[in-house]
$ cat protein.cif   # mmCIF, C-alpha atoms
data_my_file
loop_
_atom_site.label_atom_id
_atom_site.label_comp_id
_atom_site.auth_asym_id
_atom_site.auth_seq_id
_atom_site.Cartn_x
_atom_site.Cartn_y
_atom_site.Cartn_z
CA ASN A 1 64.63 -37.94 -48.20
CA ASP A 2 63.65 -35.22 -45.70
CA ASP A 3 59.94 -35.95 -46.07
CA THR A 4 60.40 -39.64 -45.26
CA SER A 5 62.64 -38.85 -42.30
CA SER A 6 59.99 -36.44 -41.02
CA LEU A 7 57.36 -39.14 -41.36
CA PHE A 8 59.53 -41.62 -39.46
CA THR A 9 60.05 -39.00 -36.75
CA ASP A 10 56.29 -38.51 -36.47
CA LEU A 11 55.87 -42.21 -35.83
CA LEU A 12 58.51 -42.25 -33.13
CA ASN A 13 56.93 -39.23 -31.46
CA ASN A 14 53.60 -41.08 -31.32
CA ASN A 15 51.61 -38.79 -33.60
CA GLU A 16 48.14 -39.93 -32.54
CA ASP A 17 46.32 -37.72 -35.04
CA LYS A 18 47.68 -39.57 -38.05
CA LYS A 19 45.02 -41.97 -39.32
CA ASP A 20 45.44 -45.09 -41.45
CA ASP A 21 44.68 -43.40 -44.79
CA ASP A 22 46.82 -40.37 -44.03
CA PHE A 23 49.72 -42.55 -43.00
CA MET A 24 49.51 -44.77 -46.08
CA SER A 25 49.18 -41.80 -48.42
CA SER A 26 52.17 -40.05 -46.85
CA LEU A 27 54.33 -43.15 -46.96
CA LEU A 28 53.49 -43.97 -50.57
CA GLU A 29 54.02 -40.35 -51.60
CA THR A 30 57.44 -40.06 -49.99
CA THR A 31 58.72 -43.43 -51.20
CA THR A 32 57.51 -42.69 -54.72
CA SER A 33 59.19 -39.28 -54.70
CA ASN A 34 62.45 -40.99 -53.80
CA THR A 35 62.28 -42.87 -57.09
CA ASN A 36 62.27 -39.56 -58.96
CA SER A 37 65.37 -38.13 -57.25
CA GLU A 38 67.89 -36.15 -59.22
CA ASN A 39 69.67 -38.32 -61.76
CA ASN A 40 72.78 -36.18 -61.90
CA LYS A 41 74.06 -37.10 -58.41
CA GLU A 42 76.99 -39.41 -58.05
CA ASP A 43 75.90 -43.03 -58.08
CA ASN A 44 78.14 -44.10 -55.21
CA THR A 45 75.86 -42.79 -52.47
CA LEU A 46 73.52 -44.83 -50.30
CA GLU A 47 70.57 -42.67 -51.39
CA ASN A 48 71.07 -43.20 -55.12
CA SER A 49 71.54 -46.92 -54.65
CA ILE A 50 68.40 -47.56 -52.60
CA ASN A 51 66.29 -45.32 -54.84
CA ARG A 52 66.63 -48.02 -57.49
CA ILE A 53 64.37 -50.23 -55.37
CA PRO A 54 60.66 -49.79 -56.23
CA PRO A 55 58.60 -48.24 -53.42
CA PHE A 56 56.69 -50.62 -51.17
CA GLU A 57 52.97 -50.53 -51.86
CA LYS A 58 51.47 -53.60 -50.16
CA PHE A 59 50.86 -52.45 -46.59
CA ARG A 60 48.40 -53.62 -43.97
CA VAL A 61 47.88 -51.50 -40.87
CA LEU A 62 47.32 -54.16 -38.22
CA HIS A 63 47.10 -51.65 -35.38
CA VAL A 64 47.16 -47.84 -35.21
CA ASP A 65 48.27 -46.95 -31.67
CA PRO A 66 50.77 -48.44 -31.16
CA LEU A 67 51.46 -48.67 -34.86
CA LEU A 68 51.96 -52.16 -36.28
CA LEU A 69 52.49 -52.60 -40.03
CA GLU A 70 52.68 -55.71 -42.19
CA ILE A 71 54.51 -55.25 -45.49
CA GLU A 72 53.69 -57.95 -48.00
CA ASP A 73 56.42 -59.35 -50.28
CA PHE A 74 59.17 -57.40 -48.54
CA PHE A 75 61.53 -60.24 -49.51
CA THR A 76 61.23 -62.29 -52.67
CA GLU A 77 61.11 -66.06 -52.45
CA GLU A 78 64.68 -66.20 -53.73
CA GLU A 79 65.87 -63.72 -51.09
CA CYS A 80 64.26 -65.80 -48.37
CA LYS A 81 66.14 -68.86 -49.64
CA THR A 82 69.40 -66.87 -49.71
CA TYR A 83 69.12 -65.96 -46.03
CA LEU A 84 68.30 -69.53 -45.07
CA GLN A 85 71.30 -70.82 -46.97
CA MET A 86 73.79 -68.27 -45.66
CA SER A 87 72.70 -69.10 -42.11
CA THR A 88 73.09 -72.85 -42.22
CA ALA A 89 75.71 -73.44 -44.91
CA THR A 90 78.72 -71.63 -43.46
CA LYS A 91 78.47 -71.36 -39.70
CA LYS A 92 76.85 -72.71 -36.57
CA GLY A 93 74.21 -70.66 -34.80
CA ILE A 94 74.18 -69.85 -31.10
CA GLN A 95 71.52 -70.13 -28.44
CA SER A 96 69.29 -67.06 -28.73
CA GLN A 97 69.71 -64.57 -25.89
CA THR A 98 67.23 -62.46 -23.91
CA LEU A 99 67.72 -58.93 -22.55
CA GLY A 100 66.65 -57.10 -19.41
CA LYS A 101 65.06 -58.23 -16.18
CA VAL A 102 61.93 -59.70 -17.73
CA LYS A 103 61.83 -63.43 -17.07
CA SER A 104 61.27 -64.56 -20.63
CA SER A 105 62.23 -67.92 -22.09
CA ARG A 106 63.79 -68.26 -25.54
CA THR A 107 64.74 -71.60 -27.07
CA SER A 108 65.55 -70.60 -30.64
CA THR A 109 68.90 -70.46 -32.48
CA THR A 110 70.42 -67.21 -33.80
CA TRP A 111 72.92 -66.37 -36.54
CA TYR A 112 74.58 -62.93 -36.85
CA HIS A 113 75.55 -61.45 -40.22
CA LYS A 114 77.81 -58.66 -41.40
CA TYR A 115 76.18 -55.70 -43.11
CA LYS A 116 78.05 -56.30 -46.35
CA ASP A 117 76.72 -59.87 -46.46
CA ALA A 118 73.09 -58.75 -46.14
CA PRO A 119 72.63 -56.03 -48.80
CA GLU A 120 69.03 -57.05 -49.51
CA PHE A 121 67.89 -56.45 -45.96
CA ILE A 122 69.96 -53.29 -45.45
CA ALA A 123 68.84 -51.72 -48.73
CA LYS A 124 65.16 -52.50 -48.28
CA ALA A 125 65.18 -51.37 -44.65
CA CYS A 126 66.73 -48.06 -45.69
CA ARG A 127 64.20 -47.69 -48.51
CA LEU A 128 61.29 -48.34 -46.17
CA LEU A 129 62.50 -46.16 -43.30
CA GLY A 130 64.00 -43.27 -45.24
CA PHE A 131 67.64 -43.71 -44.25
CA THR A 132 69.68 -42.05 -47.00
CA ASP A 133 72.93 -40.94 -45.36
CA ASP A 134 74.30 -43.87 -43.37
CA ILE A 135 73.35 -47.09 -41.57
CA THR A 136 74.95 -46.40 -38.20
CA GLN A 137 71.62 -46.66 -36.38
CA LEU A 138 70.98 -50.19 -37.65
CA GLU A 139 71.89 -53.07 -35.37
CA GLU A 140 73.52 -56.17 -36.80
CA ILE A 141 71.38 -58.46 -38.92
CA GLN A 142 70.14 -61.64 -37.27
CA THR A 143 68.46 -64.74 -38.59
CA VAL A 144 66.59 -66.91 -36.11
CA ARG A 145 65.30 -70.49 -36.32
CA TYR A 146 62.47 -72.00 -34.28
CA ARG A 147 62.06 -75.76 -34.52
CA ASN A 148 59.31 -77.98 -33.12
CA GLY A 149 58.71 -77.10 -29.46
CA GLU A 150 60.74 -73.87 -29.58
CA LYS A 151 59.37 -70.44 -28.67
CA PHE A 152 60.09 -66.98 -27.27
CA THR A 153 57.79 -66.07 -24.38
CA TRP A 154 56.37 -62.60 -23.66
CA HIS A 155 59.02 -59.88 -23.94
CA LEU A 156 59.75 -56.30 -24.97
CA ASP A 157 62.23 -55.32 -27.68
CA ALA A 158 63.01 -52.01 -25.98
CA LEU A 159 66.22 -51.99 -23.96
CA PRO A 160 65.92 -51.94 -20.15
CA PRO A 161 66.43 -48.48 -18.63
CA SER A 162 69.61 -47.63 -16.75
CA GLU A 163 71.53 -44.51 -15.83
CA GLU A 164 74.39 -45.52 -18.11
CA GLN A 165 72.20 -46.67 -21.00
CA GLN A 166 71.33 -43.83 -23.38
CA GLN A 167 70.74 -46.12 -26.35
CA GLN A 168 67.22 -47.29 -27.13
CA ARG A 169 65.62 -49.44 -29.79
CA ILE A 170 63.13 -47.24 -31.60
CA GLY A 171 62.09 -49.68 -34.32
CA THR A 172 61.76 -53.43 -34.92
CA LEU A 173 61.76 -54.85 -38.45
CA LEU A 174 61.44 -58.59 -38.95
CA VAL A 175 60.92 -60.65 -42.08
CA TYR A 176 59.42 -64.14 -42.21
CA LEU A 177 61.67 -66.42 -44.26
CA THR A 178 59.25 -69.36 -44.10
CA SER A 179 55.49 -69.80 -43.96
CA LEU A 180 53.73 -71.80 -41.27
CA SER A 181 50.25 -73.24 -41.49
CA GLU A 182 47.70 -72.03 -38.96
CA ASP A 183 47.81 -75.28 -36.98
CA ALA A 184 51.64 -75.28 -36.81
CA GLY A 185 51.86 -72.44 -34.27
CA GLY A 186 54.78 -70.02 -34.55
CA ALA A 187 52.68 -66.85 -34.75
CA THR A 188 53.99 -63.50 -33.54
CA MET A 189 51.46 -62.50 -30.88
CA PHE A 190 50.90 -59.09 -29.29
CA ARG A 191 49.30 -59.73 -25.91
CA ASP A 192 47.56 -56.40 -25.34
CA LEU A 193 46.52 -55.54 -28.91
CA CYS A 194 43.23 -56.51 -30.52
CA ASP A 195 43.13 -58.48 -33.74
CA PRO A 196 41.77 -56.22 -36.54
CA ILE A 197 39.52 -59.01 -37.83
CA THR A 198 38.23 -60.75 -34.70
CA GLY A 199 38.45 -57.78 -32.33
CA THR A 200 39.86 -60.05 -29.64
CA LYS A 201 43.24 -60.29 -27.90
CA PRO A 202 45.94 -61.24 -28.62
CA LEU A 203 46.72 -59.94 -32.09
CA ARG A 204 48.25 -62.87 -34.00
CA VAL A 205 50.44 -62.60 -37.10
CA GLN A 206 50.98 -65.94 -38.80
CA PRO A 207 54.34 -66.27 -40.62
CA ARG A 208 54.03 -65.82 -44.38
CA ARG A 209 57.24 -66.14 -46.38
CA GLY A 210 58.56 -62.77 -47.53
CA ASN A 211 56.23 -60.65 -45.40
CA ALA A 212 57.66 -58.17 -42.88
CA LEU A 213 56.47 -56.65 -39.61
CA LEU A 214 57.38 -53.14 -38.48
CA PHE A 215 56.62 -51.67 -35.06
CA PHE A 216 58.07 -49.16 -32.62
CA PRO A 217 58.85 -50.59 -29.16
CA SER A 218 59.77 -47.33 -27.42
CA ALA A 219 57.45 -44.78 -29.05
CA GLY A 220 54.30 -43.81 -27.17
CA GLY A 221 52.77 -45.55 -24.19
CA LEU A 222 53.07 -44.05 -20.71
CA PRO A 223 54.70 -40.59 -20.38
CA SER A 224 58.34 -40.60 -19.22
CA THR A 225 58.55 -44.36 -19.79
CA PRO A 226 61.44 -45.50 -22.02
CA PHE A 227 59.43 -48.27 -23.64
CA ASP A 228 55.91 -48.95 -24.86
CA ILE A 229 54.57 -51.77 -22.69
CA ARG A 230 51.73 -52.25 -25.19
CA THR A 231 54.20 -53.77 -27.67
CA ILE A 232 54.89 -56.78 -25.44
CA HIS A 233 54.82 -59.81 -27.72
CA CYS A 234 55.94 -63.41 -28.05
CA GLY A 235 56.97 -66.00 -30.61
CA GLU A 236 54.34 -68.70 -30.22
CA GLU A 237 55.63 -72.25 -29.81
CA VAL A 238 56.08 -74.16 -33.06
CA ILE A 239 54.03 -77.35 -32.81
CA SER A 240 54.89 -79.04 -36.09
CA GLY A 241 57.59 -81.61 -36.65
CA ASN A 242 57.54 -80.88 -40.38
CA GLU A 243 57.78 -77.08 -40.40
CA GLU A 244 60.36 -74.64 -39.06
CA LYS A 245 59.91 -70.95 -38.40
CA TRP A 246 62.73 -68.73 -39.72
CA ILE A 247 62.94 -64.96 -39.48
CA ALA A 248 65.46 -62.25 -40.36
CA GLN A 249 65.41 -59.25 -38.06
CA LEU A 250 67.09 -55.98 -37.21
CA TRP A 251 66.50 -53.18 -34.76
CA ILE A 252 66.78 -49.46 -35.41
CA ASP A 253 68.50 -47.59 -32.58
CA SER A 254 68.17 -44.02 -31.33
CA HIS A 255 71.94 -43.44 -31.54
CA PRO A 256 74.78 -44.99 -33.57
CA TYR A 257 75.01 -48.67 -32.75
CA ARG A 258 78.20 -50.08 -31.27
CA ILE A 259 79.18 -53.07 -33.41
CA THR A 260 79.83 -56.37 -31.63
CA LEU A 261 80.41 -58.81 -34.50
CA PRO A 262 84.16 -59.14 -35.28
CA GLY A 263 85.03 -57.84 -38.74
CA ASN A 264 81.73 -56.02 -39.18
CA SER A 265 81.65 -52.33 -40.08
CA HIS A 266 79.31 -49.42 -40.80
CA ASP A 267 81.97 -48.02 -43.13
CA HIS A 268 80.48 -47.12 -46.53
CA ARG A 269 83.56 -48.52 -48.25
CA ASP A 270 82.64 -51.95 -46.90
CA VAL A 271 78.87 -51.77 -47.24
CA ILE A 272 78.00 -49.61 -50.26
CA PRO A 273 79.53 -51.88 -52.95
CA SER A 274 77.33 -54.84 -52.04
CA ILE A 275 74.26 -52.61 -51.74
CA GLN A 276 75.02 -51.04 -55.13
CA GLU A 277 75.36 -54.42 -56.78
CA TYR A 278 72.05 -55.58 -55.33
CA CYS A 279 70.15 -52.38 -56.10
CA HIS A 280 71.39 -52.20 -59.69
CA LYS A 281 69.95 -55.65 -60.30
CA GLN A 282 66.51 -54.42 -59.22
CA GLN A 283 66.19 -52.31 -62.39
CA LYS A 284 67.16 -55.06 -64.80
#

$ encode --input "protein.cif" --output "structure tokens"
Amino acid sequence: NDDTSSLFTDLLNNNEDKKDDDFMSSLLETTTSNTNSENNKEDNTLENSINRIPPFEKFRVLHVDPLLLEIEDFFTEEECKTYLQMSTATKKGIQSQTLGKVKSSRTSTTWYHKYKDAPEFIAKACRLLGFTDDITQLEEIQTVRYRNGEKFTWHLDALPPSEEQQQQRIGTLLVYLTSLSEDAGGATMFRDLCDPITGTKPLRVQPRRGNALLFFPSAGGLPSTPFDIRTIHCGEEVISGNEEKWIAQLWIDSHPYRITLPGNSHDHRDVIPSIQEYCHKQQK
């Protein structure tokens, strides 16, 4: 939808004049209009498939500039269970990696998934962000596990600048697959942002199963800087022997993403069938 794409562009261009109410009204209006798209188009397009998903309506604006959104019930409880099972049942995860020159420490475990195996996440991400033509700007889906004592120290999601590197991460979307109690740690913390309730730093987001976070790591901040230093964040250490933190995440890139997972593909012939099957079920 052109209106949604325009809205997404506004966010990436750091439109400081857009207030909370204006943003929410625009987003709800554009996602709702998607639902009423022409019914006579062929059903084998990405747009017609994702338009079967109801628009998201449960938003919380946690911070305005830089923009940080929490979307409640982005995943259902059953979808959260599905991503947990497909991570642990079929393959072994790898030690989570870090990027760039920032000396961050990460002790979690990561699983990578093909697009066709993650239609729920792909479809809902496209619905939320207004992608209707293709998914080439979406990086590969990851699920990540943090056990007792594991964490991800302060870091940026934006890619480090280099003369050869034209690609940049313009959006981060993560979904909590498990909930953690307040005393179990595991919060996503933004060091330089104020909590909307307490007014103090850091801004803490406690994992709640099914909820999603959306922010833009390279939009805004200092002029001529390829990342927004204000989005520096961490995965707080999990301090419970009885609870694990699990997330599903993907990044949205500025240019088509170069696939690294063997056998994975952006090709619609591989991806659309699984998205169609999932989206059709949403209207039953």

$ atom_distance --input "protein.cif" --atom1 "CA of Leu138 (chain A)" --atom2 "CA of Asp253 (chain A)"
6.2 Å

$ closest_atom_pairs --input "protein.cif" --of "region 184-271 of chain A" --to "region 147-159 of chain A" --cutoff "12 Å" --atoms "all atoms listed in the file" --output "CSV"
residue,atom,partner,partner_atom,distance
A:Ala184,CA,A:Asn148,CA,8.9
A:Gly185,CA,A:Asn148,CA,9.4
A:Gly186,CA,A:Lys151,CA,7.5
A:Ala187,CA,A:Lys151,CA,9.7
A:Thr188,CA,A:Phe152,CA,9.4
A:Met189,CA,A:Trp154,CA,8.7
A:Phe190,CA,A:Trp154,CA,8.6
A:Arg191,CA,A:Trp154,CA,8.0
A:Asp192,CA,A:Trp154,CA,10.9
A:Pro202,CA,A:Trp154,CA,11.6
A:Phe215,CA,A:Asp157,CA,10.0
A:Phe216,CA,A:Ala158,CA,8.8
A:Pro217,CA,A:Ala158,CA,5.4
A:Ser218,CA,A:Ala158,CA,5.9
A:Ala219,CA,A:Ala158,CA,9.6
A:Thr225,CA,A:Ala158,CA,10.8
A:Pro226,CA,A:Ala158,CA,7.8
A:Phe227,CA,A:Ala158,CA,5.7
A:Asp228,CA,A:Ala158,CA,7.8
A:Ile229,CA,A:Leu156,CA,7.2
A:Arg230,CA,A:Leu156,CA,9.0
A:Thr231,CA,A:Leu156,CA,6.7
A:Ile232,CA,A:Leu156,CA,4.9
A:His233,CA,A:Trp154,CA,5.2
A:Cys234,CA,A:Trp154,CA,4.5
A:Gly235,CA,A:Phe152,CA,4.7
A:Glu236,CA,A:Lys151,CA,5.5
A:Glu237,CA,A:Lys151,CA,4.3
A:Val238,CA,A:Asn148,CA,5.0
A:Ile239,CA,A:Asn148,CA,5.3
A:Ser240,CA,A:Asn148,CA,5.4
A:Gly241,CA,A:Asn148,CA,5.3
A:Asn242,CA,A:Asn148,CA,8.0
A:Glu243,CA,A:Arg147,CA,7.4
A:Glu244,CA,A:Arg147,CA,5.0
A:Lys245,CA,A:Arg147,CA,6.5
A:Trp246,CA,A:Arg147,CA,8.8
A:Ile247,CA,A:Arg147,CA,11.9
A:Gln249,CA,A:Asp157,CA,11.5
A:Leu250,CA,A:Asp157,CA,10.7
A:Trp251,CA,A:Asp157,CA,8.5
A:Ile252,CA,A:Ala158,CA,10.5
A:Asp253,CA,A:Ala158,CA,9.7
A:Ser254,CA,A:Ala158,CA,10.9

$ residues_around --input "protein.cif" --residues "Thr76 (chain A)" --least-positions-apart "2" --cutoff "10 Å" --atoms "only C-alpha atoms" --output "PyMOL selection string"
chain A and resi 72-74+78-82+120+177+209-211

$ resolve_selection --input "protein.cif" --expression "the PyMOL selection byres ((chain A and resi 49) around 10)" --output "PyMOL selection string"
chain A and resi 42-48+50-53+123+127+132+272-273+275-280

$ write_last_selection --input "protein.cif" --atoms "C-alpha atoms" --output "compact mmCIF listing (two decimals), in the frame of the given file"
# COMPACT_ATOMS: atom_id res chain seq x y z
CA GLU A 42 76.99 -39.41 -58.05
CA ASP A 43 75.90 -43.03 -58.08
CA ASN A 44 78.14 -44.10 -55.21
CA THR A 45 75.86 -42.79 -52.47
CA LEU A 46 73.52 -44.83 -50.30
CA GLU A 47 70.57 -42.67 -51.39
CA ASN A 48 71.07 -43.20 -55.12
CA ILE A 50 68.40 -47.56 -52.60
CA ASN A 51 66.29 -45.32 -54.84
CA ARG A 52 66.63 -48.02 -57.49
CA ILE A 53 64.37 -50.23 -55.37
CA ALA A 123 68.84 -51.72 -48.73
CA ARG A 127 64.20 -47.69 -48.51
CA THR A 132 69.68 -42.05 -47.00
CA ILE A 272 78.00 -49.61 -50.26
CA PRO A 273 79.53 -51.88 -52.95
CA ILE A 275 74.26 -52.61 -51.74
CA GLN A 276 75.02 -51.04 -55.13
CA GLU A 277 75.36 -54.42 -56.78
CA TYR A 278 72.05 -55.58 -55.33
CA CYS A 279 70.15 -52.38 -56.10
CA HIS A 280 71.39 -52.20 -59.69

$ closest_residue --input "protein.cif" --among "A:Ala89, A:Leu67, A:Leu173, A:Val61" --to "Glu140 (chain A)" --atoms "only C-alpha atoms"
A:Leu173

$ atom_distance --input "protein.cif" --atom1 "CA of Pro119 (chain A)" --atom2 "CA of Tyr146 (chain A)"
23.9 Å

$ closest_residue --input "protein.cif" --among "A:Asn264, A:Gln206, A:Ser104, A:Gln166" --to "Thr178 (chain A)" --atoms "all atoms listed in the file"
A:Gln206

$ axis_aligned_box --input "protein.cif" --around "region 206-212 of chain A" --padding-each-side "4 Å" --output "AutoDock Vina command-line options"
--center_x 54.8 --center_y -62.2 --center_z -43.2 --size_x 15.6 --size_y 16.1 --size_z 16.7

$ atom_distance --input "protein.cif" --atom1 "CA of Pro207 (chain A)" --atom2 "CA of Val175 (chain A)"
8.8 Å

$ resolve_selection --input "protein.cif" --expression "the PyMOL selection byres ((chain A and resi 109) around 10)" --output "ChimeraX atom specification"
/A:92-97,106-108,110-111,143-147,150,246

$ closest_residue --input "protein.cif" --among "A:Gln167, A:Gln283, A:Gln142, A:Thr172" --to "Leu261 (chain A)" --atoms "all atoms listed in the file"
A:Gln142

$ resolve_selection --input "protein.cif" --expression "the PyMOL selection byres ((chain A and resi 267) around 10)" --output "count of residues only"
13

$ closest_residue --input "protein.cif" --among "A:Pro66, A:Ser105, A:Ala125, A:Pro256" --to "Leu222 (chain A)" --atoms "only C-alpha atoms"
A:Pro66

$ closest_residue --input "protein.cif" --among "A:Tyr257, A:Phe59, A:Phe75, A:Ser224" --to "Pro161 (chain A)" --atoms "only C-alpha atoms"
A:Ser224
